[in-house]
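Comments concern the structure below.
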Amino acid sequence: QVQLVESGGGLVQPGGSLRLSCAASGDVLTIINMAWYRQVPGKEREAVARAISGGTTYYDDSVKGRFTITRDNDKNTLDLQMNALQPEDTAVYYCYARARIRGYWGQGTQVTVSS
């Protein structure tokens with residue numbers, strides 16, 4: 001079992017920045033890939049950024065150049081630095097870990113971008 005706990009969400013004005021952090025515990029050695037997803041009411045959860053084993057990262061086009069995902073295997077953390085935030089970035093953000101047998105989700109953290 002893997003446990004994921006997100007932190008760092010909140011309210012920010014357009015153009016501002018937030019940093020989300022996800023702390024993994026439990027069977028962390030079984031984790032292969034990690035990612036950040038987000039979801040707004042009435043829509044499917046969508047991948048925002050992925051950190052693939054080996055250091056490769058992928059970003060959704062909507063956040064390229066603004067968001068940076070960082071995985072620290074020593075600390076078992078996954079961070080998401082979000083800059084130049086826009087109202088359309090408002091969502092619940094979830095940390096995801098793909099382990100050998102199954103995937104795991106955190107509880108989510110709300111990010112609201114509003115003036």
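Chain identifiers are assigned as A, B, and so on, following the order in which chains appear in the structure tokens; residues are numbered from 1 within each chain, and ligands are numbered from 1 in order of appearance.
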Which neighbours of Leu18 (chain A) fall inside 8 Å, counting only C-alpha atoms, when residues of the same chain fewer than 4 positions from it are skipped, and could you give them as a ChimeraX atom specification?
/A:8-10,12,81-83
Who sits within 12 Å of Val113 (chain A), only C-alpha atoms, same chain under 5 positions skipped, as a PyMOL selection string:
chain A and resi 9-18+82-92
Using only C-alpha atoms, which protein or nucleic acid residues come within 7 Å of Val48 (chain A)? Drop anything in the same chain fewer than 4 positions from it, and give the result as a short mmCIF file (atom, residue, chain, number, x, y, z; two decimals) with C-alpha atoms, in the first residue's frame.
```cif
data_model
loop_
_atom_site.label_atom_id
_atom_site.label_comp_id
_atom_site.auth_asym_id
_atom_site.auth_seq_id
_atom_site.Cartn_x
_atom_site.Cartn_y
_atom_site.Cartn_z
CA TRP A 36 -0.49 15.46 -10.94
CA TYR A 37 -4.09 15.47 -12.13
CA ARG A 38 -6.85 18.03 -11.73
CA TYR A 59 3.05 18.39 -19.48
CA ASP A 60 -0.39 19.05 -20.80
#
```
I need the strand (DSSP E) residues of chain A per DSSP on the backbone, written as a count of residues only.
65
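CA of Thr109 (chain A) is positioned 21.7 Å from CA of Asn73 (chain A).
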For Ser25 (chain A), the nearest of the candidates A:Phe67, A:Tyr104, A:Tyr93, A:Tyr58, counting only C-alpha atoms:
A:Tyr104
Smallest atom-to-atom distance to Asp72 (chain A): which of A:Pro41, A:Gly26, A:Gly54, A:Gly106, using only C-alpha atoms?
A:Gly54
So that I can check the surroundings of Thr30 (chain A), please list as a PyMOL selection string every protein, DNA and RNA residue that reaches within 12 Å of it, counting only C-alpha atoms and ignoring chain neighbours fewer than 4 positions away.
chain A and resi 1-3+24-26+34+53+73+76+97-104
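Residue nearest Thr77 (chain A) within the list A:Asn33, A:Ser114, A:Ser7, A:Ser21: A:Ser21 [criterion: smallest interatomic distance, only C-alpha atoms].
Each of A:Leu4, A:Ala47, A:Leu80, A:Ile52 was compared to Val28 (chain A) using only C-alpha atoms, and A:Leu4 turns out to be the nearest.
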What's the separation between CA of Gln107 (chain A) and CA of Ala35 (chain A), in Å to one decimal place?
13.8 Å
Could you list, as JSON, numbers by chain, every residue within 9 Å of Thr57 (chain A), counting only C-alpha atoms and ignoring same-chain residues fewer than 4 positions away?
{"A": [49, 50, 51, 52, 68, 69, 70]}
To test your reading of the structure, identify every residue in region 17-113 of chain A that backbone DSSP assigns to helix (DSSP H, G or I), and report it as a ChimeraX atom specification.
/A:28-30,87-89
